[in-house]
Protein chains: 2
Amino acid sequence: MAASELQIAQKRQGVDVGSPCAACSIREMSICAALDNSELSRMAAIARTQSFAGRQTIVDEGEPADSLFNITSGAVKLYKLLPDGRRQITGFLFEGDFLGIALNDDYAYTAEAVNDVTLCRFPKARFEALLEEFPKLEKQLLEVASNELAQAQDQMLLLGRKTAQEKVVSFLLSLSKRSHARGAPASPISLPMSRADIADYLGLTTETVSRTFTSLKGSDAIRLLAGNSVALENFESLSELADGI
Amino acid sequence: MAASELQIAQKRQGVDVGSPCAACSIREMSICAALDNSELSRMAAIARTQSFAGRQTIVDEGEPADSLFNITSGAVKLYKLLPDGRRQITGFLFEGDFLGIALNDDYAYTAEAVNDVTLCRFPKARFEALLEEFPKLEKQLLEVASNELAQAQDQMLLLGRKTAQEKVVSFLLSLSKRSHARGAPASPISLPMSRADIADYLGLTTETVSRTFTSLKGSDAIRLLAGNSVALENFESLSELADGI
DNA sequence: CGGTGCATTGATCAGAATCAATGATCGTGG
DNA sequence: CCACGATCATTGATTCTGATCAATGCACCG
């Protein structure tokens, strides 16, 4: 294998960094929370920890779905493409989030690391065997799927019926909520993704996202901080902005 | 209870028409396909058949989710509202489709009959008890949830990145595909829903939907038939139109 | 210090929304 | 049986939000 091919293979596969599961920092906020210690060790046995640098592809739309993942740190974007390159980001994943619910034969989307990512990879076949063994896990997965569906419906409402400002504010509030749920502050929140990513998530252009940030800044609804952070100033009024009240 | 109140209650609840399950025409294309005869009779024991006239509400967004449903005939629309009345239809259900995957505490959307609908109602608690008993059923449900998620992601791509024409054509093709999967012809297909419903599903206005139909008719891509039917003329070229090729 | 990539700002354009009117279909009651 | 009203679909004229095209600003890194 030539050096460049090796590089490409590494880029695709990420770097294997072992398989510890005992001291996992996100255990309690992931699907693993459903498992007791002995069950967890069974999970650990099939898991493999990997890390990806920003912009590396984790899975490709259309490829056979042979693995499932738990994000342990960093941010991941999921997207679908149209033939001419138009892109729709269908979701962002952060630590504790599960990737690969859509257990269809092929991945329905591409998953790409936004920044440096570590994750836990489970081979699909062995994961499904564990599902048979641990009904609790299957129940948990159904719960996750159910939540993702509800989230997807919210996103449809956003994409189909909200204005640019409502979209951006809704996005910030949802990130804030998820940040809070992970034990991080609800404000300020970090925005590891680019303006282009935000645009492709909200069905806008980068220019419109940027202008909307500027306008929100002007009305003191948010403050842009160093290090891609945003402070949300008043949750109540932001919530009203998000729904067009 | 006053007469009007009774009417309202009936409007909400639909008409109870018994609970047969043996001769169910959609058994093979619903979640019930996962069950053998004895299991099916357990399902039948908790099921209750109801019928709804068009425009009747089946479940209300925000209400406690105490039932799950299988549509046995007719069409149902699911939608979410913004405070000012903007509406996003998140999906249409037809015979064989399952309603209520989002097993969260409250319904995430309103479900309303498009035309006359009959369905099978399962009380949530008893349904969940059956899930414990029949892992096959839970597996099937996870499968359905997985498919719905994939569909939701396609819809996000549509809402966020497709043009009006691409949206309408994608919609027609997806109805055609589902019609075919139910054993009905792929063309012509029936459109039981109004232009306003289609618009609220595609993130457009009724006017734009109507103009797009007219334009597609003009380019001989479709034909509008009597009885709210549409003939799709050339699947290959329509598929290209749907993705902007 | 210069270059590269990303964000912001500005000017103009276009696709779909909005506003408005007409047409078709259907159910109802005279 | 037909006329009427109601509802929905279509068509037209105009507006507007967000896209596109274009330039500048900013930060990070070699």
# chains A, B, ... in the order shown; residues from 1 in each chain; ligands from 1

call {"tool": "residues_around", "arguments": {"residues": "Arg178 (chain B)", "least_positions_apart": "2", "cutoff": "12 Å", "atoms": "only C-alpha atoms (C1' of nucleotides)", "output": "MDAnalysis selection string"}}
result
chainID B and resid 29 92:97 151 171:176 180:187 189:190

call {"tool": "residues_around", "arguments": {"residues": "region 199-206 of chain A", "least_positions_apart": "6", "cutoff": "6 Å", "atoms": "only C-alpha atoms (C1' of nucleotides)", "output": "JSON, numbers by chain"}}
result
{"A": [88, 89], "B": [160]}

call {"tool": "closest_atom_pairs", "arguments": {"of": "chain C", "to": "chain A", "cutoff": "9 Å", "atoms": "only C-alpha atoms (C1' of nucleotides)", "output": "tab-separated table"}}
result
residue	atom	partner	partner_atom	distance
C:DC6	C1'	A:Ser194	CA	8.0
C:DA7	C1'	A:Ser210	CA	7.3
C:DT8	C1'	A:Ser210	CA	6.7
C:DT9	C1'	A:Arg211	CA	8.3

call {"tool": "select_by_dssp", "arguments": {"residues": "region 40-227 of chain B", "states": "helix (DSSP H, G or I)", "output": "NGL selection string"}}
result
:B and (40-46 or 124-133 or 135-161 or 164-181 or 195-202 or 206-218)

call {"tool": "write_last_selection", "arguments": {"atoms": "C-alpha atoms", "output": "compact mmCIF listing (two decimals), in the first residue's frame"}}
result
# COMPACT_ATOMS: atom_id res chain seq x y z
CA LEU B 40 -52.02 -12.10 17.56
CA SER B 41 -54.97 -13.09 19.67
CA ARG B 42 -53.25 -11.46 22.66
CA MET B 43 -52.93 -8.31 20.59
CA ALA B 44 -56.57 -8.60 19.57
CA ALA B 45 -57.53 -8.78 23.23
CA ILE B 46 -56.20 -5.30 23.91
CA LYS B 124 -50.22 2.21 25.82
CA ALA B 125 -49.76 0.40 29.14
CA ARG B 126 -51.14 -2.88 27.86
CA PHE B 127 -49.22 -2.52 24.63
CA GLU B 128 -45.98 -2.05 26.55
CA ALA B 129 -46.77 -5.14 28.58
CA LEU B 130 -47.01 -7.07 25.32
CA LEU B 131 -43.69 -5.62 24.23
CA GLU B 132 -42.11 -7.17 27.32
CA GLU B 133 -43.64 -10.50 26.45
CA PRO B 135 -39.41 -9.43 21.94
CA LYS B 136 -40.24 -9.95 18.28
CA LEU B 137 -42.74 -7.14 18.58
CA GLU B 138 -40.23 -4.82 20.18
CA LYS B 139 -37.73 -5.66 17.44
CA GLN B 140 -40.37 -4.88 14.85
CA LEU B 141 -41.12 -1.58 16.52
CA LEU B 142 -37.45 -0.64 16.53
CA GLU B 143 -37.39 -1.47 12.85
CA VAL B 144 -40.38 0.78 12.21
CA ALA B 145 -38.78 3.58 14.23
CA SER B 146 -35.59 3.16 12.28
CA ASN B 147 -37.40 3.46 8.97
CA GLU B 148 -39.29 6.50 10.17
CA LEU B 149 -36.02 8.13 11.16
CA ALA B 150 -34.56 7.54 7.73
CA GLN B 151 -37.72 8.97 6.20
CA ALA B 152 -37.52 11.98 8.50
CA GLN B 153 -33.98 12.65 7.32
CA ASP B 154 -35.06 12.52 3.71
CA GLN B 155 -37.78 14.99 4.56
CA MET B 156 -35.25 17.33 6.19
CA LEU B 157 -33.20 17.28 3.00
CA LEU B 158 -36.35 18.07 1.07
CA LEU B 159 -37.46 20.91 3.35
CA GLY B 160 -34.05 22.48 3.73
CA ARG B 161 -32.52 22.17 0.30
CA ALA B 164 -40.57 23.83 -5.04
CA GLN B 165 -40.61 21.58 -8.09
CA GLU B 166 -38.20 19.09 -6.54
CA LYS B 167 -40.34 19.01 -3.42
CA VAL B 168 -43.57 18.29 -5.26
CA VAL B 169 -42.03 15.62 -7.47
CA SER B 170 -40.33 13.97 -4.48
CA PHE B 171 -43.67 13.93 -2.71
CA LEU B 172 -45.44 12.29 -5.62
CA LEU B 173 -42.72 9.68 -6.00
CA SER B 174 -42.77 8.84 -2.31
CA LEU B 175 -46.56 8.43 -2.37
CA SER B 176 -46.22 6.26 -5.44
CA LYS B 177 -43.61 4.09 -3.77
CA ARG B 178 -45.74 3.65 -0.68
CA SER B 179 -48.81 2.94 -2.77
CA HIS B 180 -46.89 0.24 -4.60
CA ALA B 181 -45.64 -1.21 -1.30
CA ARG B 195 -53.41 21.30 -1.69
CA ALA B 196 -53.11 23.10 1.65
CA ASP B 197 -52.09 19.82 3.30
CA ILE B 198 -49.51 19.15 0.61
CA ALA B 199 -48.19 22.69 1.01
CA ASP B 200 -47.88 22.32 4.77
CA TYR B 201 -46.07 19.04 4.28
CA LEU B 202 -43.59 20.49 1.78
CA THR B 206 -51.11 26.18 -1.70
CA GLU B 207 -50.56 28.60 -4.56
CA THR B 208 -47.04 27.36 -5.19
CA VAL B 209 -48.17 23.72 -5.03
CA SER B 210 -50.94 24.44 -7.50
CA ARG B 211 -48.64 26.31 -9.89
CA THR B 212 -46.12 23.48 -9.71
CA PHE B 213 -48.77 20.90 -10.56
CA THR B 214 -49.84 23.01 -13.50
CA SER B 215 -46.28 23.34 -14.72
CA LEU B 216 -45.60 19.59 -14.36
CA LYS B 217 -48.80 18.92 -16.26
CA GLY B 218 -47.61 21.31 -18.98

call {"tool": "closest_residue", "arguments": {"among": "D:DC28, D:DC1, D:DA6, D:DC21", "to": "DG27 (chain C)", "atoms": "only C-alpha atoms (C1' of nucleotides)"}}
result
D:DA6

call {"tool": "select_by_dssp", "arguments": {"residues": "region 109-238 of chain B", "states": "strand (DSSP E or B)", "output": "list of chain:residue names"}}
result
B:Thr110, B:Ala111, B:Glu112, B:Ala113, B:Val117, B:Thr118, B:Leu119, B:Cys120, B:Arg121, B:Phe122, B:Pro123, B:Ile189, B:Ser190, B:Ile222, B:Arg223, B:Leu224, B:Leu225, B:Ser229, B:Val230, B:Ala231, B:Leu232

call {"tool": "write_last_selection", "arguments": {"atoms": "C-alpha atoms", "output": "CSV table (one decimal), in the first residue's frame"}}
result
chain,number,residue,atom,x,y,z
B,110,THR,CA,-51.7,16.2,16.3
B,111,ALA,CA,-53.1,13.4,14.2
B,112,GLU,CA,-56.1,14.2,12.1
B,113,ALA,CA,-58.2,12.0,9.7
B,117,VAL,CA,-60.3,6.3,8.7
B,118,THR,CA,-60.5,3.1,10.5
B,119,LEU,CA,-57.9,2.1,13.0
B,120,CYS,CA,-56.9,-0.2,15.7
B,121,ARG,CA,-56.3,1.4,19.1
B,122,PHE,CA,-54.0,-0.1,21.7
B,123,PRO,CA,-53.8,1.3,25.2
B,189,ILE,CA,-52.0,7.4,-7.3
B,190,SER,CA,-54.7,9.0,-5.2
B,222,ILE,CA,-47.9,14.1,-14.8
B,223,ARG,CA,-51.6,14.0,-15.6
B,224,LEU,CA,-54.3,15.1,-13.2
B,225,LEU,CA,-57.2,12.6,-13.3
B,229,SER,CA,-55.7,11.1,-8.8
B,230,VAL,CA,-52.4,11.7,-10.5
B,231,ALA,CA,-50.7,9.7,-13.1
B,232,LEU,CA,-46.9,9.7,-13.1

call {"tool": "atom_distance", "arguments": {"atom1": "CA of Thr163 (chain A)", "atom2": "CA of Thr57 (chain B)"}}
result
28.0 Å

call {"tool": "closest_atom_pairs", "arguments": {"of": "chain D", "to": "chain A", "cutoff": "9 Å", "atoms": "only C-alpha atoms (C1' of nucleotides)", "output": "Markdown table"}}
result
| residue | atom | partner | partner_atom | distance |
| --- | --- | --- | --- | --- |
| D:DT17 | C1' | A:Thr163 | CA | 8.6 |
| D:DG18 | C1' | A:Thr208 | CA | 7.1 |
| D:DA19 | C1' | A:Thr205 | CA | 7.4 |

call {"tool": "write_last_selection", "arguments": {"atoms": "N, CA and C atoms (P, O5', C5', C4', C3', O3' and C1' of nucleotides)", "output": "mmCIF file, in the first residue's frame"}}
result
data_model
loop_
_atom_site.group_PDB
_atom_site.id
_atom_site.type_symbol
_atom_site.label_atom_id
_atom_site.label_comp_id
_atom_site.auth_asym_id
_atom_site.auth_seq_id
_atom_site.Cartn_x
_atom_site.Cartn_y
_atom_site.Cartn_z
ATOM 1 P P DT D 17 -39.771 40.708 4.441
ATOM 2 O "O5'" DT D 17 -39.176 39.284 4.848
ATOM 3 C "C5'" DT D 17 -39.914 38.084 4.564
ATOM 4 C "C4'" DT D 17 -38.984 37.051 3.977
ATOM 5 C "C3'" DT D 17 -37.656 36.904 4.711
ATOM 6 O "O3'" DT D 17 -37.479 35.537 4.994
ATOM 7 C "C1'" DT D 17 -37.284 37.215 2.386
ATOM 8 P P DG D 18 -36.307 35.042 5.973
ATOM 9 O "O5'" DG D 18 -35.227 34.482 4.946
ATOM 10 C "C5'" DG D 18 -35.641 33.481 4.006
ATOM 11 C "C4'" DG D 18 -34.672 33.443 2.866
ATOM 12 C "C3'" DG D 18 -33.205 33.224 3.247
ATOM 13 O "O3'" DG D 18 -32.703 32.242 2.373
ATOM 14 C "C1'" DG D 18 -33.376 35.055 1.804
ATOM 15 P P DA D 19 -31.261 31.678 2.294
ATOM 16 O "O5'" DA D 19 -30.920 31.928 0.753
ATOM 17 C "C5'" DA D 19 -31.821 31.424 -0.234
ATOM 18 C "C4'" DA D 19 -31.285 31.715 -1.616
ATOM 19 C "C3'" DA D 19 -29.835 31.322 -1.824
ATOM 20 O "O3'" DA D 19 -29.696 30.763 -3.123
ATOM 21 C "C1'" DA D 19 -30.080 33.681 -2.097
#
